[in-house]
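Enquirer: Here you go, one structure.
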There are 4 protein chains.
Amino acid sequence: MAARADCVFCCLPHGDSASVVSALLDAGVKVIDLGADYRLNDPEVFAQWYGRKHADPDRLGKVVYGLPELFRQQIATAQLVANPGSQAACAILALAPLLKAGLIDPRSIIIDAKSGLSTVGRTPKLITHYVECNESVSAYNVGRHRHTPEIEQALSAFSGLTVEVLFTSHIVPMDRGTMTTIYAQPITAVDEARLLQTLRDFYEEEFFVRVLDHLPGTKDSLGTNFYDITARIVRGRVLLFACLDNLLKGAAGTAVQNFNLMYGYPETTALT
Amino acid sequence: MAARADCVFCCLPHGDSASVVSALLDAGVKVIDLGADYRLNDPEVFAQWYGRKHADPDRLGKVVYGLPELFRQQIATAQLVANPGSQAACAILALAPLLKAGLIDPRSIIIDAKSGLSTVGRTPKLITHYVECNESVSAYNVGRHRHTPEIEQALSAFSGLTVEVLFTSHIVPMDRGTMTTIYAQPITAVDEARLLQTLRDFYEEEFFVRVLDHLPGTKDSLGTNFYDITARIVRGRVLLFACLDNLLKGAAGTAVQNFNLMYGYPETTALT
Amino acid sequence: MAARADCVFCCLPHGDSASVVSALLDAGVKVIDLGADYRLNDPEVFAQWYGRKHADPDRLGKVVYGLPELFRQQIATAQLVANPGSQAACAILALAPLLKAGLIDPRSIIIDAKSGLSTVGRTPKLITHYVECNESVSAYNVGRHRHTPEIEQALSAFSGLTVEVLFTSHIVPMDRGTMTTIYAQPITAVDEARLLQTLRDFYEEEFFVRVLDHLPGTKDSLGTNFYDITARIVRGRVLLFACLDNLLKGAAGTAVQNFNLMYGYPETTALT
Amino acid sequence: MAARADCVFCCLPHGDSASVVSALLDAGVKVIDLGADYRLNDPEVFAQWYGRKHADPDRLGKVVYGLPELFRQQIATAQLVANPGSQAACAILALAPLLKAGLIDPRSIIIDAKSGLSTVGRTPKLITHYVECNESVSAYNVGRHRHTPEIEQALSAFSGLTVEVLFTSHIVPMDRGTMTTIYAQPITAVDEARLLQTLRDFYEEEFFVRVLDHLPGTKDSLGTNFYDITARIVRGRVLLFACLDNLLKGAAGTAVQNFNLMYGYPETTALT
């Protein structure tokens, strides 16, 4: 009798996974999809941001968003988990606790991301040619970056609020690593101590989240599944500085975390 | 008969130039100061941001801020010109035209700067050690970066408004180049076309300012005295993306521009 | 009863470890020294290359050189193991099999090393300032690099020949990784197939050595304890191209390998 | 009456220029070819290294090799100048004076080049993708690098000797800059002082060649048309360390120098 794959990590290019994934799901296999096809749960929103109809629209509403720190229980019993985009994950984990605690205005959020070149993908193009992107910083996909609806959907689902974000992404000359600098308007009077305490309380049980007093650099979490974050108040606004390795906590690391949850392994297995 | 220096470019470390500069000025010499000592014109504000009393407070009110595109006439007849900080210049040139035109709220401004390592200075420290800062992005001096009051002062002086900015700066792994991403609230309904037209009208006669349709990267102006800028509207907010080479348009290049103005040379002399 | 350290990994700066190590050894503790103090076994040679007398000369003759692929048996029973320098290890592992097989002239060897900045050490100096060393390649310590006698001693001891090498090292702008390009005169007529077969036979049982057909890049072994090597014949000369991660196979990785040997653990423990 | 181009700088990809260039030459136009098509003067050698027949073999013997420091007079009156390859130029300028002076064995020469990514060309390929080549050093085209016959031809022509070289090239993670480390056997007893004096005498009148006591880094000549070189004796061998900016002295800078020579302008025009 032939062995059968119980679970597939699907790493197809964005747009190519829907047909493969739906066949796998029909065959009863569990899927952790690292592509973007199943991250949005509304076919209309998908069409608006991806510029085409979704190939498997009926399933969209039933997919679990694979961010363990926010959706652990749903992941544990899911058949299909949509692994988050790295820059989306970096922003969502920073904002979720403060939105849940009612500390920031859900429509005031500005997210300024800085990411290394592996964020852009491996296909050789002029923009990823060493001599083009080395020694340079530039923004890309301004106003149409697909992590925007992903962030809004996850934060709205988690907080029960209507969250709107302004998201811009910048490419910086390094291989890996994402930093998001987030600006938000506080709803009530808060100071840094309360912001940090809110983050610490929220992530108290989380092995992979480190709430810091100091400002993190992306190198601090490079090669690890850790997520580093701190908070500041400047001129009355809430500032969040968060870093992760986009290939680990921002992709494969979280996928393994999801796998561990789906199969009852300790969540840190193969990640420390 | 001995030759006499008519004009001195002063490049002393921040804090060291005041005594030297005041002696030079007393001797009738013109000075372009590339340090920070004379950039702020209020001794109280200086003390607040620099943590000590100014050594030459009486002169502070009479210094000309050396950004030719905004203060050309004053520079032409000045004895002492305070050359701008590179990240300050990058933000000020982006915002001045829109504030002057009354298009953005002067208290809504968020400036997110990304700069190469030469911004930090040449003294060997752990934070500038190659292995520390390579392959990493991090923020620094959050809430106390001294370009904050410099930007506010220049924009308030130029626009006649009370301008307040939230400024954060990030170090990215490259030698040179500064990009500022700016977020502001529009006062009236504006579209991108009007933003770009306002910038183009304002900088029509300026050789060193390039108002672009596309998003600039810092490498596009590397090794030149050019300043690149474009504008976008995203989710109702005004976004500005501006780049310069912090060692040229952000420092020595502007100093030469100022020198040319003070001595009646064509402004592009030695800069093209 | 107090616990006692059986084995110490000593990571003191070169020159500082002799006094500490000798005290530890006198107390019966095993030591793996990652510094350079015990790598040479002749006090005269030490004095010549390090410019001072050795603090513990009597021990020098009895130290085991910690390159497991060449000195496995001695390491297993050693009290003091001198962990190799990273660039030395990279050259020695390439040359040992060919010298042992009598294929190359032991006095014809030229080693041209290229290494990332972590090779130079963590103390902030002008030469490790990001802006100094980024976007630049340069040679250093030409004619007096201390890995020269280390390579000669290990290869002579292993092959029984009098080996003399010309070693130069270059700093390239990256964090980690060492590549050595080696040029040697063949003694007998050899072709590439025989060179590769000699390497493959020699390292047949070695988990951490990968003899390749293609040219390796330092990134291929980055973050691993692997050692990559290939060989070519060009214009009648033997060429060897070898890469390792100087912080792992070139330092801490080999130290762990040595520890495993000294305590009877499987050699790959904690390294895969 | 229509204006006519007197001189064309031809920058076509290697292999594409022969047909264009021959048409231009037939029309009486002067050509400085920055491609490789006319660098070798023997159609057989061309076929051997480039893997195809040359499209314009009759002209090959009559082309002038465009290295002003060695072939100034021929360049001044040439109709077709083949601009050197950057890594070839870097090696040739180092070796020519010592070969001419009879100080080194013309068959003992090993050239180990290290170059930034712009050496490889602008077409997007996997090997130039930022994430592939960043943080890595690797050799390429070992044994079949086309600068080998170019170096041999130029040095043989200049010195009157039969020069054979072993040339290897390595890609290092930076935009621009080439360093060559050269190893050669002295013929007579020489010391460093004599090597340096030989270089200084040879290049006494050359504005763009700097013979240094210290070891150069590629950054020292970055953005300039300078060529930096020094010499050492290590273990009885002659070592040469030479650097240039492959886009200037290694390409466009030398092309302008050639143009100046061909039209009687001062050789430094537009290059300082």
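The chains in the structure tokens are called A, B, ... from first to last as shown; in each chain the residues are counted from 1, and the ligands are counted from 1 in the order shown.
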Using only C-alpha atoms, which protein or nucleic acid residues come within 8 Å of Leu40 of chain B? Drop anything in the same chain fewer than 2 positions from it, and give the result as a list of chain:residue names.

Expert: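 Residues near the query, excluding close chain neighbours: B:Asp37, B:Tyr38, B:Asp42, B:Pro43, B:Val45, B:Phe46, B:Leu60, B:Pro149, B:Glu150, B:Gln153.
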
Enquirer: Using only C-alpha atoms, I'd like every residue of chain A that has an atom within 12 Å of chain C; please write them out as a PyMOL selection string.

Expert: chain A and resi 131+134-135+174-175+219+222-224+270+272

Enquirer: Among segment 58-254 of chain A, which residues carry a DSSP assignment of helix (DSSP H, G or I), reported as a short mmCIF file (atom, residue, chain, number, x, y, z; two decimals) with N, CA, C and O atoms, in the first residue's frame?

Expert:
```cif
data_model
loop_
_atom_site.label_atom_id
_atom_site.label_comp_id
_atom_site.auth_asym_id
_atom_site.auth_seq_id
_atom_site.Cartn_x
_atom_site.Cartn_y
_atom_site.Cartn_z
N ASP A 58 -15.13 29.77 -4.09
CA ASP A 58 -16.00 29.22 -3.05
C ASP A 58 -15.26 28.90 -1.77
O ASP A 58 -15.85 28.87 -0.69
N ARG A 59 -13.99 28.59 -1.90
CA ARG A 59 -13.24 28.23 -0.70
C ARG A 59 -12.76 29.43 0.11
O ARG A 59 -12.38 29.28 1.27
N LEU A 60 -12.73 30.60 -0.52
CA LEU A 60 -12.07 31.74 0.12
C LEU A 60 -12.57 32.03 1.54
O LEU A 60 -11.79 32.31 2.43
N GLY A 61 -13.87 31.94 1.72
CA GLY A 61 -14.39 32.28 3.04
C GLY A 61 -13.99 31.31 4.14
O GLY A 61 -14.10 31.63 5.33
N LYS A 62 -13.50 30.12 3.76
CA LYS A 62 -13.26 29.08 4.77
C LYS A 62 -11.79 28.84 5.09
O LYS A 62 -11.45 27.88 5.80
N PRO A 68 -0.01 32.08 13.87
CA PRO A 68 -0.33 31.30 15.08
C PRO A 68 -0.62 32.15 16.30
O PRO A 68 -1.49 31.81 17.10
N GLU A 69 0.08 33.27 16.43
CA GLU A 69 -0.10 34.08 17.63
C GLU A 69 -1.52 34.66 17.71
O GLU A 69 -1.98 35.01 18.79
N LEU A 70 -2.20 34.77 16.57
CA LEU A 70 -3.55 35.34 16.58
C LEU A 70 -4.65 34.31 16.33
O LEU A 70 -5.77 34.48 16.81
N PHE A 71 -4.34 33.29 15.56
CA PHE A 71 -5.40 32.36 15.14
C PHE A 71 -5.04 30.90 15.44
O PHE A 71 -5.28 30.01 14.64
N ARG A 72 -4.45 30.70 16.62
CA ARG A 72 -3.92 29.37 16.95
C ARG A 72 -4.98 28.27 16.91
O ARG A 72 -4.76 27.21 16.32
N GLN A 73 -6.11 28.53 17.52
CA GLN A 73 -7.13 27.48 17.60
C GLN A 73 -7.67 27.08 16.23
O GLN A 73 -7.83 25.90 15.93
N GLN A 74 -7.94 28.08 15.39
CA GLN A 74 -8.45 27.77 14.06
C GLN A 74 -7.42 26.99 13.24
O GLN A 74 -7.76 26.12 12.45
N ILE A 75 -6.16 27.33 13.40
CA ILE A 75 -5.10 26.65 12.64
C ILE A 75 -5.05 25.17 13.03
O ILE A 75 -4.89 24.29 12.16
N ALA A 76 -5.20 24.92 14.32
CA ALA A 76 -5.05 23.54 14.81
C ALA A 76 -5.99 22.57 14.11
O ALA A 76 -5.66 21.40 13.92
N SER A 86 5.16 38.17 4.42
CA SER A 86 6.12 38.52 5.48
C SER A 86 5.92 39.93 6.01
O SER A 86 5.96 40.17 7.21
N GLN A 87 5.70 40.87 5.11
CA GLN A 87 5.53 42.25 5.56
C GLN A 87 4.18 42.42 6.24
O GLN A 87 4.04 43.23 7.17
N ALA A 88 3.19 41.67 5.78
CA ALA A 88 1.88 41.71 6.44
C ALA A 88 2.00 41.18 7.86
O ALA A 88 1.53 41.80 8.82
N ALA A 89 2.66 40.02 8.02
CA ALA A 89 2.83 39.44 9.35
C ALA A 89 3.53 40.41 10.30
O ALA A 89 3.15 40.56 11.47
N CYS A 90 4.55 41.09 9.77
CA CYS A 90 5.33 42.01 10.61
C CYS A 90 4.45 43.14 11.14
O CYS A 90 4.58 43.55 12.30
N ALA A 91 3.54 43.63 10.31
CA ALA A 91 2.66 44.73 10.73
C ALA A 91 1.52 44.24 11.61
O ALA A 91 1.16 44.87 12.61
N ILE A 92 0.95 43.10 11.26
CA ILE A 92 -0.22 42.60 11.99
C ILE A 92 0.12 42.28 13.44
O ILE A 92 -0.61 42.64 14.37
N LEU A 93 1.26 41.60 13.63
CA LEU A 93 1.63 41.24 15.01
C LEU A 93 1.90 42.47 15.87
O LEU A 93 1.71 42.44 17.09
N ALA A 94 2.35 43.55 15.24
CA ALA A 94 2.59 44.78 16.01
C ALA A 94 1.29 45.45 16.42
O ALA A 94 1.15 45.95 17.54
N LEU A 95 0.33 45.46 15.51
CA LEU A 95 -0.87 46.25 15.71
C LEU A 95 -1.98 45.53 16.47
O LEU A 95 -2.79 46.17 17.17
N ALA A 96 -2.06 44.21 16.32
CA ALA A 96 -3.18 43.47 16.89
C ALA A 96 -3.40 43.74 18.39
O ALA A 96 -4.53 44.04 18.81
N PRO A 97 -2.35 43.68 19.20
CA PRO A 97 -2.59 43.88 20.64
C PRO A 97 -3.12 45.27 20.97
O PRO A 97 -3.98 45.43 21.84
N LEU A 98 -2.63 46.29 20.26
CA LEU A 98 -3.05 47.66 20.58
C LEU A 98 -4.46 47.94 20.09
O LEU A 98 -5.21 48.69 20.72
N LEU A 99 -4.83 47.36 18.96
CA LEU A 99 -6.21 47.50 18.48
C LEU A 99 -7.17 46.78 19.42
O LEU A 99 -8.21 47.31 19.79
N LYS A 100 -6.78 45.55 19.79
CA LYS A 100 -7.62 44.76 20.71
C LYS A 100 -7.85 45.49 22.02
O LYS A 100 -8.95 45.49 22.58
N LEU A 117 16.07 42.13 -0.36
CA LEU A 117 15.73 41.76 -1.73
C LEU A 117 15.00 40.44 -1.85
O LEU A 117 14.30 40.19 -2.84
N SER A 118 15.15 39.54 -0.88
CA SER A 118 14.46 38.25 -1.01
C SER A 118 12.95 38.42 -0.94
O SER A 118 12.20 37.53 -1.33
N THR A 119 12.49 39.56 -0.46
CA THR A 119 11.06 39.86 -0.45
C THR A 119 10.48 39.90 -1.86
O THR A 119 9.30 39.61 -2.06
N VAL A 120 11.30 40.27 -2.82
CA VAL A 120 10.80 40.56 -4.17
C VAL A 120 10.67 39.30 -5.04
O VAL A 120 10.01 39.31 -6.06
N LEU A 126 15.53 43.24 -13.97
CA LEU A 126 16.47 44.35 -13.84
C LEU A 126 16.46 44.91 -12.42
O LEU A 126 17.49 45.27 -11.88
N ILE A 127 15.29 44.96 -11.78
CA ILE A 127 15.24 45.57 -10.44
C ILE A 127 15.93 44.74 -9.37
O ILE A 127 16.23 45.24 -8.30
N THR A 128 16.17 43.46 -9.66
CA THR A 128 16.90 42.66 -8.66
C THR A 128 18.35 42.41 -9.09
O THR A 128 19.08 41.70 -8.41
N TYR A 130 22.08 42.95 -9.16
CA TYR A 130 22.89 43.49 -8.07
C TYR A 130 23.21 44.98 -8.27
O TYR A 130 23.05 45.79 -7.36
N VAL A 131 23.68 45.31 -9.47
CA VAL A 131 24.15 46.68 -9.69
C VAL A 131 23.00 47.69 -9.69
O VAL A 131 23.19 48.87 -9.43
N GLU A 132 21.78 47.23 -9.95
CA GLU A 132 20.62 48.11 -9.89
C GLU A 132 20.21 48.42 -8.45
O GLU A 132 19.90 49.55 -8.11
N CYS A 133 20.18 47.40 -7.62
CA CYS A 133 19.58 47.59 -6.30
C CYS A 133 20.59 47.76 -5.18
O CYS A 133 20.24 48.25 -4.11
N HIS A 147 -0.19 43.57 0.19
CA HIS A 147 -0.26 43.31 1.62
C HIS A 147 -1.26 44.24 2.32
O HIS A 147 -1.65 43.97 3.45
N THR A 148 -1.65 45.30 1.65
CA THR A 148 -2.61 46.23 2.25
C THR A 148 -3.92 45.53 2.64
O THR A 148 -4.31 45.55 3.83
N PRO A 149 -4.64 44.90 1.69
CA PRO A 149 -5.91 44.26 2.09
C PRO A 149 -5.69 43.09 3.04
O PRO A 149 -6.55 42.79 3.87
N GLU A 150 -4.55 42.43 2.92
CA GLU A 150 -4.26 41.31 3.81
C GLU A 150 -4.15 41.77 5.26
O GLU A 150 -4.70 41.15 6.18
N ILE A 151 -3.45 42.88 5.46
CA ILE A 151 -3.31 43.44 6.82
C ILE A 151 -4.67 43.87 7.34
O ILE A 151 -5.04 43.59 8.49
N GLU A 152 -5.43 44.56 6.51
CA GLU A 152 -6.72 45.07 6.94
C GLU A 152 -7.67 43.93 7.31
O GLU A 152 -8.40 44.00 8.31
N GLN A 153 -7.66 42.90 6.50
CA GLN A 153 -8.56 41.77 6.76
C GLN A 153 -8.22 41.06 8.07
O GLN A 153 -9.09 40.79 8.90
N ALA A 154 -6.93 40.80 8.27
CA ALA A 154 -6.53 40.07 9.48
C ALA A 154 -6.78 40.89 10.74
O ALA A 154 -7.28 40.38 11.75
N LEU A 155 -6.46 42.18 10.67
CA LEU A 155 -6.65 43.02 11.86
C LEU A 155 -8.12 43.26 12.13
O LEU A 155 -8.55 43.31 13.30
N SER A 156 -8.90 43.43 11.09
CA SER A 156 -10.35 43.61 11.29
C SER A 156 -10.95 42.35 11.88
O SER A 156 -11.75 42.40 12.85
N ALA A 157 -10.59 41.19 11.32
CA ALA A 157 -11.12 39.92 11.83
C ALA A 157 -10.76 39.73 13.30
O ALA A 157 -11.57 39.31 14.12
N PHE A 158 -9.52 40.04 13.62
CA PHE A 158 -9.06 39.78 14.98
C PHE A 158 -9.63 40.76 15.99
O PHE A 158 -9.99 40.39 17.10
N SER A 159 -9.74 42.04 15.60
CA SER A 159 -10.14 43.06 16.57
C SER A 159 -11.63 43.34 16.55
O SER A 159 -12.16 43.95 17.49
N GLU A 192 4.49 55.30 26.97
CA GLU A 192 5.26 54.16 26.47
C GLU A 192 5.17 52.95 27.38
O GLU A 192 5.11 51.80 26.93
N ALA A 193 5.14 53.20 28.68
CA ALA A 193 5.08 52.07 29.62
C ALA A 193 3.82 51.24 29.38
O ALA A 193 3.87 50.01 29.37
N ARG A 194 2.71 51.93 29.17
CA ARG A 194 1.46 51.19 28.96
C ARG A 194 1.47 50.45 27.62
O ARG A 194 0.97 49.32 27.52
N LEU A 195 2.02 51.08 26.60
CA LEU A 195 2.13 50.40 25.31
C LEU A 195 2.94 49.11 25.44
O LEU A 195 2.54 48.04 24.99
N LEU A 196 4.10 49.25 26.07
CA LEU A 196 4.98 48.08 26.21
C LEU A 196 4.32 47.01 27.07
O LEU A 196 4.42 45.81 26.78
N GLN A 197 3.62 47.45 28.13
CA GLN A 197 2.97 46.47 28.99
C GLN A 197 1.85 45.74 28.25
O GLN A 197 1.66 44.54 28.41
N THR A 198 1.12 46.48 27.43
CA THR A 198 0.06 45.84 26.64
C THR A 198 0.63 44.78 25.70
O THR A 198 0.08 43.67 25.58
N LEU A 199 1.74 45.12 25.06
CA LEU A 199 2.40 44.14 24.19
C LEU A 199 2.90 42.95 24.99
O LEU A 199 2.75 41.80 24.59
N ARG A 200 3.49 43.22 26.15
CA ARG A 200 4.06 42.13 26.97
C ARG A 200 2.96 41.20 27.50
O ARG A 200 3.13 39.98 27.51
N ASP A 201 1.86 41.80 27.93
CA ASP A 201 0.76 40.96 28.42
C ASP A 201 0.22 40.08 27.29
O ASP A 201 -0.01 38.89 27.48
N PHE A 202 0.06 40.70 26.14
CA PHE A 202 -0.53 39.97 25.01
C PHE A 202 0.34 38.80 24.58
O PHE A 202 -0.15 37.72 24.24
N THR A 218 17.04 44.59 12.10
CA THR A 218 16.63 43.33 11.46
C THR A 218 17.66 42.23 11.68
O THR A 218 17.33 41.05 11.67
N LYS A 219 18.92 42.61 11.91
CA LYS A 219 19.95 41.58 12.08
C LYS A 219 19.78 40.80 13.39
O LYS A 219 20.26 39.67 13.50
N ASP A 220 19.11 41.41 14.36
CA ASP A 220 18.93 40.75 15.65
C ASP A 220 18.12 39.46 15.53
O ASP A 220 18.28 38.53 16.32
N SER A 221 17.21 39.41 14.57
CA SER A 221 16.37 38.22 14.40
C SER A 221 16.72 37.43 13.13
O SER A 221 16.04 36.46 12.80
N LEU A 248 11.94 33.34 7.48
CA LEU A 248 11.61 32.43 8.58
C LEU A 248 10.28 32.83 9.23
O LEU A 248 9.24 32.36 8.82
N LYS A 249 10.34 33.72 10.23
CA LYS A 249 9.07 34.13 10.86
C LYS A 249 8.13 34.72 9.80
O LYS A 249 6.91 34.64 9.93
N GLY A 250 8.70 35.27 8.72
CA GLY A 250 7.87 35.83 7.66
C GLY A 250 7.45 34.84 6.59
O GLY A 250 6.74 35.19 5.66
N ALA A 251 7.86 33.57 6.71
CA ALA A 251 7.47 32.60 5.68
C ALA A 251 7.61 31.16 6.21
O ALA A 251 6.71 30.64 6.86
N ALA A 252 8.76 30.53 5.94
CA ALA A 252 8.91 29.11 6.23
C ALA A 252 8.83 28.81 7.73
O ALA A 252 8.30 27.75 8.12
N GLY A 253 9.33 29.70 8.56
CA GLY A 253 9.29 29.45 10.01
C GLY A 253 7.86 29.38 10.52
O GLY A 253 7.48 28.46 11.26
N THR A 254 7.06 30.34 10.12
CA THR A 254 5.65 30.33 10.52
C THR A 254 4.92 29.13 9.92
O THR A 254 4.03 28.54 10.56
#
```

Enquirer: Can you pull out every residue within 8 Å of Glu267 of chain A, counting only C-alpha atoms, but drop anything in the same chain fewer than 5 positions away, and send it as number ranges by chain?

Expert: A: 257-258, 260-261

Enquirer: So that I can check the surroundings of Ile104 of chain B, please list as a PDB file with all heavy atoms, in the first residue's frame every protein, DNA and RNA residue that reaches within 6 Å of it, counting only C-alpha atoms and ignoring chain neighbours fewer than 5 positions away.

Expert:
```
ATOM      1  N   LEU B  99       3.341  73.258   1.529  1.00  0.00           N
ATOM      2  CA  LEU B  99       2.926  74.110   2.650  1.00  0.00           C
ATOM      3  C   LEU B  99       2.641  75.520   2.146  1.00  0.00           C
ATOM      4  O   LEU B  99       1.633  76.129   2.512  1.00  0.00           O
ATOM      5  CB  LEU B  99       4.017  74.135   3.722  1.00  0.00           C
ATOM      6  CG  LEU B  99       4.136  72.857   4.553  1.00  0.00           C
ATOM      7  CD1 LEU B  99       5.451  72.819   5.314  1.00  0.00           C
ATOM      8  CD2 LEU B  99       2.951  72.750   5.535  1.00  0.00           C
ATOM      9  N   GLN B 185      -1.518  65.073   5.745  1.00  0.00           N
ATOM     10  CA  GLN B 185      -2.956  65.168   5.531  1.00  0.00           C
ATOM     11  C   GLN B 185      -3.234  66.352   4.608  1.00  0.00           C
ATOM     12  O   GLN B 185      -2.791  67.460   4.885  1.00  0.00           O
ATOM     13  CB  GLN B 185      -3.611  65.402   6.908  1.00  0.00           C
ATOM     14  CG  GLN B 185      -5.037  64.953   7.018  1.00  0.00           C
ATOM     15  CD  GLN B 185      -5.166  63.432   6.935  1.00  0.00           C
ATOM     16  OE1 GLN B 185      -4.404  62.706   7.568  1.00  0.00           O
ATOM     17  NE2 GLN B 185      -6.101  62.949   6.131  1.00  0.00           N
ATOM     18  N   PRO B 186      -3.965  66.144   3.516  1.00  0.00           N
ATOM     19  CA  PRO B 186      -4.299  67.300   2.677  1.00  0.00           C
ATOM     20  C   PRO B 186      -5.332  68.190   3.370  1.00  0.00           C
ATOM     21  O   PRO B 186      -6.163  67.711   4.143  1.00  0.00           O
ATOM     22  CB  PRO B 186      -4.877  66.659   1.407  1.00  0.00           C
ATOM     23  CG  PRO B 186      -5.339  65.308   1.821  1.00  0.00           C
ATOM     24  CD  PRO B 186      -4.491  64.874   2.976  1.00  0.00           C
ATOM     25  N   ILE B 187      -5.265  69.465   3.099  1.00  0.00           N
ATOM     26  CA  ILE B 187      -6.256  70.389   3.658  1.00  0.00           C
ATOM     27  C   ILE B 187      -7.470  70.443   2.738  1.00  0.00           C
ATOM     28  O   ILE B 187      -8.604  70.406   3.166  1.00  0.00           O
ATOM     29  CB  ILE B 187      -5.642  71.806   3.822  1.00  0.00           C
ATOM     30  CG1 ILE B 187      -4.619  71.784   4.958  1.00  0.00           C
ATOM     31  CG2 ILE B 187      -6.749  72.820   4.111  1.00  0.00           C
ATOM     32  CD1 ILE B 187      -3.940  73.110   5.170  1.00  0.00           C
TER      33      ILE B 187
END
```

Enquirer: Just want the 12 Å neighbourhood of His145 of chain C, counted on only C-alpha atoms, with same-chain residues fewer than 2 positions away dropped. Output as a VMD selection string.

Expert: (chain C and resid 48 to 50 85 87 to 88 111 to 113 120 139 to 143 147 to 151 165 to 170) or (chain D and resid 234)

Enquirer: Write out as a list of chain:residue names which residues come within 6 Å of Val238 of chain D when counting only C-alpha atoms, dropping same-chain ones fewer than 5 positions away.

Expert: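 Close residues of Val238 of chain D: D:Tyr183, D:Ala184, D:Ile233.
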
Enquirer: Residues within 9 Å of Ala36 of chain C, please, as a list in words. Count only C-alpha atoms; anything in the same chain fewer than 5 positions from it doesn't count.

Expert: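 So, after excluding close chain neighbours, the residues are Pro13, His14, Gly15, Ser17, Ala82, Asn83, Pro84 and Gly85 of chain C.
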
Enquirer: When DSSP works through the backbone of this structure, what residues of segment 113-256 of chain A end up as strand (DSSP E), shown as a ChimeraX atom specification?

Expert: /A:113-115,138-140,165-171,178-184,209-211,227-234,237-244

Enquirer: Can you tell me how far atom CA of Asn41 of chain D sits from atom CA of Lys114 of chain D, in Å to one decimal?

Expert: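 These two atoms are separated by 26.4 Å.
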